[in-house]
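What follows is the content of query14.cif (mmCIF, C-alpha atoms).
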```cif
data_input
loop_
_atom_site.label_atom_id
_atom_site.label_comp_id
_atom_site.auth_asym_id
_atom_site.auth_seq_id
_atom_site.Cartn_x
_atom_site.Cartn_y
_atom_site.Cartn_z
CA MET A 5 16.69 0.65 10.16
CA GLY A 6 18.03 -1.35 13.09
CA ILE A 7 21.03 0.88 13.77
CA LYS A 8 22.00 3.16 16.62
CA PRO A 9 21.04 6.84 16.42
CA VAL A 10 23.54 9.68 16.62
CA TYR A 11 24.93 10.31 20.12
CA TYR A 12 22.24 11.94 22.25
CA GLY A 13 21.74 13.32 25.74
CA LYS A 14 23.99 11.80 28.41
CA GLU A 15 25.93 9.82 25.79
CA LEU A 16 27.76 13.00 24.81
CA MET A 17 29.30 13.22 28.28
CA GLU A 18 30.55 9.63 28.28
CA PRO A 19 34.12 8.75 27.17
CA ALA A 20 34.62 8.10 23.47
CA ASN A 21 35.07 4.47 22.44
CA SER A 22 36.78 3.98 19.10
CA ARG A 23 35.68 0.34 18.97
CA GLU A 24 32.07 1.46 18.50
CA PHE A 25 32.85 2.12 14.84
CA ASN A 26 35.28 -0.74 14.25
CA SER A 27 32.82 -3.38 15.49
CA SER A 28 30.04 -2.49 13.07
CA SER A 29 29.49 -4.68 10.03
CA GLY A 30 29.68 -3.47 6.45
CA GLY A 31 25.88 -3.58 6.17
CA ASP A 32 25.44 -1.48 9.30
CA SER A 33 28.01 1.04 8.08
CA ALA A 34 26.16 1.41 4.78
CA LYS A 35 22.83 1.88 6.57
CA THR A 36 24.38 4.40 8.95
CA ALA A 37 25.78 6.39 6.04
CA LEU A 38 22.43 6.27 4.25
CA LYS A 39 20.54 7.39 7.33
CA THR A 40 23.05 10.16 8.03
CA PHE A 41 22.52 11.42 4.49
CA LEU A 42 18.74 11.07 4.33
CA ALA A 43 17.74 12.37 7.78
CA PRO A 44 19.08 15.95 7.35
CA LEU A 45 17.85 15.99 3.76
CA LEU A 46 14.34 15.06 4.84
CA ALA A 47 14.39 17.54 7.74
CA GLY A 48 15.69 20.37 5.55
CA THR A 49 13.12 19.64 2.85
CA VAL A 50 10.25 19.67 5.33
CA GLU A 51 11.46 22.94 6.84
CA SER A 52 11.74 24.55 3.40
CA ARG A 53 8.34 23.24 2.40
CA VAL A 54 6.85 25.00 5.41
CA ALA A 55 8.84 28.25 5.29
CA ASN A 56 10.20 28.98 1.81
CA ARG A 57 7.03 30.34 0.27
CA ALA A 58 6.53 32.75 3.18
CA GLU A 59 10.17 33.85 2.96
CA VAL A 60 9.84 34.51 -0.76
CA GLU A 61 6.65 36.50 -0.23
CA ARG A 62 8.41 38.62 2.38
CA TYR A 63 11.35 39.13 -0.02
CA PHE A 64 9.22 40.32 -2.95
CA GLY A 65 6.16 41.71 -1.22
CA ARG A 66 2.73 40.15 -1.64
CA GLN A 67 1.67 42.07 -4.74
CA LYS A 68 4.89 41.51 -6.72
CA PHE A 69 5.07 37.87 -5.73
CA SER A 70 1.48 37.31 -6.88
CA ALA A 71 2.28 38.87 -10.27
CA ILE A 72 5.39 36.68 -10.68
CA GLU A 73 3.43 33.54 -9.81
CA SER A 74 0.72 34.42 -12.30
CA LYS A 75 3.25 34.73 -15.13
CA LEU A 76 5.15 31.57 -14.20
CA GLY A 77 1.96 29.49 -14.22
CA TRP A 78 3.45 26.75 -12.05
CA SER A 79 1.62 23.65 -10.80
CA THR A 80 0.02 23.57 -7.35
CA ILE A 81 2.95 21.67 -5.82
CA SER A 82 5.52 24.08 -7.29
CA ARG A 83 3.53 27.06 -6.08
CA GLN A 84 3.40 25.64 -2.57
CA CYS A 85 7.18 25.15 -2.52
CA GLY A 86 7.90 28.59 -3.94
CA PRO A 87 10.78 29.89 -6.11
CA ALA A 88 14.42 29.13 -5.22
CA PHE A 89 13.26 26.08 -3.26
CA LEU A 90 16.41 24.03 -3.94
CA SER A 91 18.81 26.65 -2.58
CA ASN A 92 16.59 27.04 0.47
CA VAL A 93 16.68 23.29 1.06
CA SER A 94 20.46 23.27 0.62
CA ARG A 95 20.88 25.94 3.29
CA ASN A 96 18.63 24.09 5.75
CA VAL A 97 20.35 20.75 5.13
CA ILE A 98 23.73 22.32 5.90
CA MET A 99 22.49 23.77 9.18
CA CYS A 100 20.73 20.53 10.14
CA ASN A 101 23.91 18.55 9.53
CA THR A 102 25.88 21.01 11.64
CA THR A 103 23.43 20.98 14.55
CA PHE A 104 22.40 17.33 14.78
CA ILE A 105 25.23 15.39 13.12
CA LEU A 106 28.61 17.16 13.22
CA THR A 107 28.26 18.84 16.62
CA PRO A 108 27.28 15.78 18.72
CA ILE A 109 29.68 13.42 16.95
CA THR A 110 32.74 15.68 17.18
CA TYR A 111 31.93 16.72 20.75
CA LYS A 112 31.54 13.11 21.85
CA LEU A 113 34.67 11.80 20.11
CA TYR A 114 37.16 14.67 20.13
CA PHE A 115 36.29 17.11 22.92
CA PRO A 116 38.55 16.63 26.00
CA GLN A 117 36.73 14.31 28.39
CA GLU A 118 37.74 16.24 31.52
CA LYS A 119 36.22 19.44 30.11
CA LYS A 120 32.87 18.03 29.05
CA SER A 121 29.91 19.75 30.70
CA ASN A 122 26.62 21.43 29.85
CA THR A 123 28.42 24.75 29.67
CA THR A 124 31.10 23.61 27.24
CA LEU A 125 28.44 21.90 25.09
CA PHE A 126 26.56 25.21 24.92
CA TRP A 127 29.59 27.12 23.67
CA TYR A 128 30.83 24.32 21.45
CA GLY A 129 27.46 24.11 19.68
CA LEU A 130 27.36 27.88 19.28
CA GLY A 131 30.90 27.88 17.86
CA MET A 132 30.08 25.11 15.37
CA ASN A 133 27.06 27.10 14.24
CA VAL A 134 29.00 30.35 13.79
CA PHE A 135 32.29 29.11 12.34
CA VAL A 136 31.25 25.96 10.46
CA GLY A 137 27.57 25.86 9.60
CA ASN A 138 26.97 29.51 8.78
CA ILE A 139 30.22 29.93 6.87
CA ILE A 140 28.90 27.36 4.38
CA ALA A 141 25.21 28.22 4.66
CA ILE A 142 25.72 31.90 3.79
CA THR A 143 26.76 30.84 0.28
CA GLN A 144 23.39 29.15 -0.16
CA GLN A 145 21.59 32.10 1.40
CA ALA A 146 23.26 34.38 -1.14
CA LEU A 147 22.38 31.96 -3.94
CA TRP A 148 18.76 32.00 -2.75
CA GLY A 149 18.60 35.80 -2.94
CA ARG A 150 20.29 35.97 -6.35
CA SER A 151 18.00 33.22 -7.65
CA LEU A 152 14.95 35.24 -6.62
CA ASP A 153 16.32 38.32 -8.39
CA TYR A 154 16.84 36.17 -11.49
CA CYS A 155 13.30 34.79 -11.14
CA ALA A 156 11.81 38.30 -11.02
CA ARG A 157 13.33 39.41 -14.35
CA ASN A 158 10.92 40.22 -17.16
CA GLY A 159 8.02 39.90 -14.77
CA GLY A 160 8.83 36.29 -13.91
CA GLN A 161 11.02 33.51 -15.32
CA ASN A 162 12.15 30.04 -14.29
CA ILE A 163 15.42 29.86 -12.35
CA ASN A 164 18.56 28.51 -14.00
CA TYR A 165 20.94 27.94 -11.08
CA SER A 166 24.05 27.46 -13.20
CA GLN A 167 23.32 30.75 -14.95
CA VAL A 168 22.77 32.50 -11.62
CA ILE A 169 26.12 31.25 -10.31
CA ARG A 170 27.98 32.23 -13.48
CA GLU A 171 26.50 35.71 -13.48
CA GLY A 172 27.32 36.20 -9.81
CA LEU A 173 30.93 35.10 -10.17
CA HIS A 174 31.35 37.21 -13.30
CA ALA A 175 29.95 40.33 -11.63
CA GLU A 176 31.48 40.13 -8.14
CA GLY A 177 33.68 37.06 -7.97
CA THR A 178 33.45 35.02 -4.79
CA ALA A 179 32.08 38.11 -3.00
CA ALA A 180 28.78 37.36 -4.72
CA PHE A 181 28.33 34.44 -2.34
CA PHE A 182 30.59 35.10 0.63
CA THR A 183 31.88 38.16 2.42
CA PRO A 184 32.56 38.72 6.13
CA ALA A 185 29.65 41.17 6.21
CA LYS A 186 27.24 38.64 4.73
CA TRP A 187 28.48 35.95 7.10
CA TRP A 188 28.15 38.19 10.15
CA ALA A 189 24.62 39.27 9.16
CA ARG A 190 23.70 35.60 8.85
CA VAL A 191 25.26 34.83 12.24
CA LEU A 192 23.30 37.61 13.98
CA MET A 193 20.07 36.30 12.48
CA ASN A 194 20.62 32.56 12.97
CA ALA A 195 23.08 31.84 15.77
CA PRO A 196 21.11 33.08 18.81
CA ALA A 197 18.38 30.52 18.10
CA GLN A 198 19.89 27.63 16.16
CA GLY A 199 23.32 27.91 17.72
CA VAL A 200 22.03 26.81 21.12
CA LEU A 201 19.98 23.91 19.74
CA PRO A 202 22.65 21.24 20.49
CA TRP A 203 22.62 22.30 24.14
CA PHE A 204 18.80 22.40 24.30
CA TYR A 205 18.35 19.18 22.34
CA ASN A 206 20.76 17.18 24.49
CA ASN A 207 20.20 18.73 27.92
CA VAL A 208 16.72 20.25 28.18
CA LEU A 209 14.65 18.08 25.85
CA PRO A 210 15.53 14.77 27.57
CA LEU A 211 14.12 16.07 30.88
CA GLY A 212 10.53 15.58 29.77
CA GLU A 213 11.12 13.03 27.03
CA GLY A 214 10.45 9.97 29.18
CA PHE A 215 7.08 11.25 30.41
CA VAL A 216 5.97 12.26 26.91
CA LEU A 217 7.01 8.94 25.36
CA LYS A 218 5.28 6.93 28.09
CA SER A 219 2.11 8.97 27.72
CA PHE A 220 1.97 8.53 23.97
CA THR A 221 2.81 4.83 24.31
CA ALA A 222 -0.07 4.38 26.73
CA LEU A 223 -2.43 6.25 24.41
CA TYR A 224 -1.27 4.20 21.44
CA HIS A 225 -1.75 0.85 23.20
CA GLY A 226 -5.12 2.00 24.52
CA SER A 227 -6.30 2.91 21.04
CA GLN A 228 -5.06 -0.44 19.71
CA GLN A 229 -7.00 -2.34 22.39
CA MET A 230 -10.16 -0.36 21.64
CA ARG A 231 -9.74 -1.14 17.94
CA LYS A 232 -9.38 -4.86 18.68
CA LYS A 233 -12.52 -4.84 20.87
CA ASN A 234 -14.50 -3.09 18.14
CA THR A 235 -13.24 -5.63 15.58
CA ILE A 236 -14.28 -8.55 17.81
CA HIS A 237 -17.70 -6.95 18.34
CA SER A 238 -18.28 -6.47 14.62
CA ASN A 239 -17.23 -10.06 13.79
CA ALA A 240 -19.19 -11.73 16.60
CA THR A 241 -22.21 -14.00 15.78
CA PRO A 242 -25.41 -12.20 16.72
CA VAL A 243 -27.26 -13.72 19.70
CA ALA A 244 -31.05 -13.80 19.81
CA THR A 245 -32.46 -11.47 22.41
CA PRO A 246 -35.21 -12.95 24.65
CA VAL A 247 -38.60 -11.40 24.03
CA ALA A 248 -41.13 -11.02 26.77
CA VAL A 249 -44.42 -12.80 26.03
CA THR A 250 -47.67 -11.39 27.27
CA TYR A 251 -50.85 -13.35 27.51
CA PRO A 252 -54.43 -12.20 27.23
CA MET A 253 -56.33 -11.36 30.32
CA ASN A 254 -58.38 -14.57 30.08
CA THR A 255 -55.29 -16.83 30.10
CA THR A 256 -54.57 -18.99 33.15
CA MET A 257 -51.60 -21.16 34.07
CA SER A 258 -51.99 -24.92 34.45
CA GLU A 259 -50.25 -26.93 37.15
CA GLY A 260 -47.32 -27.56 34.78
CA ASN A 261 -46.94 -23.83 34.23
CA VAL A 262 -48.30 -24.26 30.71
CA PRO A 263 -50.60 -21.45 29.67
CA VAL A 264 -54.18 -22.46 28.98
CA VAL A 265 -56.38 -20.09 27.05
CA GLN A 266 -59.95 -20.01 28.25
CA GLU A 267 -62.65 -19.71 25.64
CA ARG A 268 -64.86 -16.75 25.98
CA MET A 269 -68.45 -17.46 26.69
CA GLN A 270 -70.65 -16.36 23.86
#
```
Before we go any further, please render this structure as structure tokens.
Amino acid sequence: MGIKPVYYGKELMEPANSREFNSSSGGDSAKTALKTFLAPLLAGTVESRVANRAEVERYFGRQKFSAIESKLGWSTISRQCGPAFLSNVSRNVIMCNTTFILTPITYKLYFPQEKKSNTTLFWYGLGMNVFVGNIIAITQQALWGRSLDYCARNGGQNINYSQVIREGLHAEGTAAFFTPAKWWARVLMNAPAQGVLPWFYNNVLPLGEGFVLKSFTALYHGSQQMRKKNTIHSNATPVATPVAVTYPMNTTMSEGNVPVVQERMQ
């Protein structure tokens, strides 16, 4: 899109420059906002596409899940995504925004410059995961579980999210979607892995990034050159191949190297 990516790697340790935002044009600001919205959405959707069906199967058990799917009679695409897909995507988008958007931007711009280090980035990323990302994401995790319970009623029914939310609030109030116990259970499950991603992504990953990118660039250019050579070969005008000529045993060569065929004596 022709715009700078989110702060990455060593950039996080550099001093913040407020003019970086003020100098951008209106078009660049719009593209930045669009990219910032679409990138986590795409990442969260891909993650849910890969994992949601397996999570649902683990939630119900294979036999019950198979029976629910049979009654729902969904299309192939819907079956691959699995029930409660939207709430699963919402949870993943929240965590992706926390890890790859909010954490690097706020650390770069607002964390005290004299205290920036790999260690403080580790703890800052973990804190953002625990006290920002998971506090919001647990509401979507709870919605996901309640949506699956709703889906399983009567042997299987389509999910009505507004109905699920109304029923939850009516039965338990806000505790249906957030309690300290639910939040802490989510933290214990998620934070040890995803909470350290900002540190890993910005400190460990760049160590081998240059080598990997150069290797793939070389492979890409090599494949492009091979493709061009094959294209030139296929479009080239065919050239006649010389054919060796053999003469009969009774053929002799004249002084001008012109073959003369001797007649056989009857």
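On the file presented, the PyMOL selection byres ((chain A and resi 156) around 12) picks out Val60, Tyr63, Phe64, Gly65, Lys68, Phe69, Ser70, Ala71, Ile72, Glu73, Ser74, Lys75, Leu76, Pro87, Ala88, Gly149, Arg150, Ser151, Leu152, Asp153, Tyr154, Cys155, Arg157, Asn158, Gly159, Gly160, Gln161, Asn162 and Ile163 of chain A.
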Enclosing box along x, y and z for every listed atom of range 199-214 of chain A, padded 3 Å each side, centre and size in Å, one decimal, as lines of an AutoDock Vina configuration file:
```
center_x = 16.9
center_y = 18.9
center_z = 24.3
size_x = 18.9
size_y = 23.9
size_z = 19.2
```
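Among the candidates A:Leu201, A:Ile109, A:Cys85, A:Val97, the residue lying nearest to Asn21 in chain A is A:Ile109 (atoms considered: all atoms listed in the file).
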Please write the residues picked by the PyMOL selection byres ((chain A and resi 199) around 10) on this file as a VMD selection string. chain A and resid 99 102 to 103 126 to 134 137 to 138 191 194 to 198 200 to 204
Taken to one decimal, the CA of Val93 in chain A-CA of Val10 in chain A distance is 21.8 Å
Residues proximal to (16.3, 15.4, 8.6) were defined as those with any atom within 12 Å of that point in the file's coordinates, counting all atoms listed in the file. Which are they, as number ranges by chain? A: 38-52, 93-94, 96-105
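Pairwise distance (CA of Ile169 in chain A, CA of Arg83 in chain A) equals 23.4 Å.
Here CA of Val216 in chain A and CA of Tyr12 in chain A stand 16.9 Å from one another.
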I'd like the residues picked by the PyMOL selection byres ((chain A and resi 170-185) around 9) written out as a PDB file with C-alpha atoms, in the frame of the given file, using the chain letters and numbers from the file.
```pdb
ATOM      1  CA  ILE A 139      30.220  29.930   6.870  1.00  0.00           C
ATOM      2  CA  ILE A 140      28.900  27.360   4.380  1.00  0.00           C
ATOM      3  CA  ILE A 142      25.720  31.900   3.790  1.00  0.00           C
ATOM      4  CA  THR A 143      26.760  30.840   0.280  1.00  0.00           C
ATOM      5  CA  GLN A 144      23.390  29.150  -0.160  1.00  0.00           C
ATOM      6  CA  GLN A 145      21.590  32.100   1.400  1.00  0.00           C
ATOM      7  CA  ALA A 146      23.260  34.380  -1.140  1.00  0.00           C
ATOM      8  CA  LEU A 147      22.380  31.960  -3.940  1.00  0.00           C
ATOM      9  CA  ARG A 150      20.290  35.970  -6.350  1.00  0.00           C
ATOM     10  CA  TYR A 165      20.940  27.940 -11.080  1.00  0.00           C
ATOM     11  CA  SER A 166      24.050  27.460 -13.200  1.00  0.00           C
ATOM     12  CA  GLN A 167      23.320  30.750 -14.950  1.00  0.00           C
ATOM     13  CA  VAL A 168      22.770  32.500 -11.620  1.00  0.00           C
ATOM     14  CA  ILE A 169      26.120  31.250 -10.310  1.00  0.00           C
ATOM     15  CA  LYS A 186      27.240  38.640   4.730  1.00  0.00           C
ATOM     16  CA  TRP A 187      28.480  35.950   7.100  1.00  0.00           C
ATOM     17  CA  TRP A 188      28.150  38.190  10.150  1.00  0.00           C
ATOM     18  CA  ALA A 189      24.620  39.270   9.160  1.00  0.00           C
ATOM     19  CA  ARG A 190      23.700  35.600   8.850  1.00  0.00           C
TER      20      ARG A 190
END
```
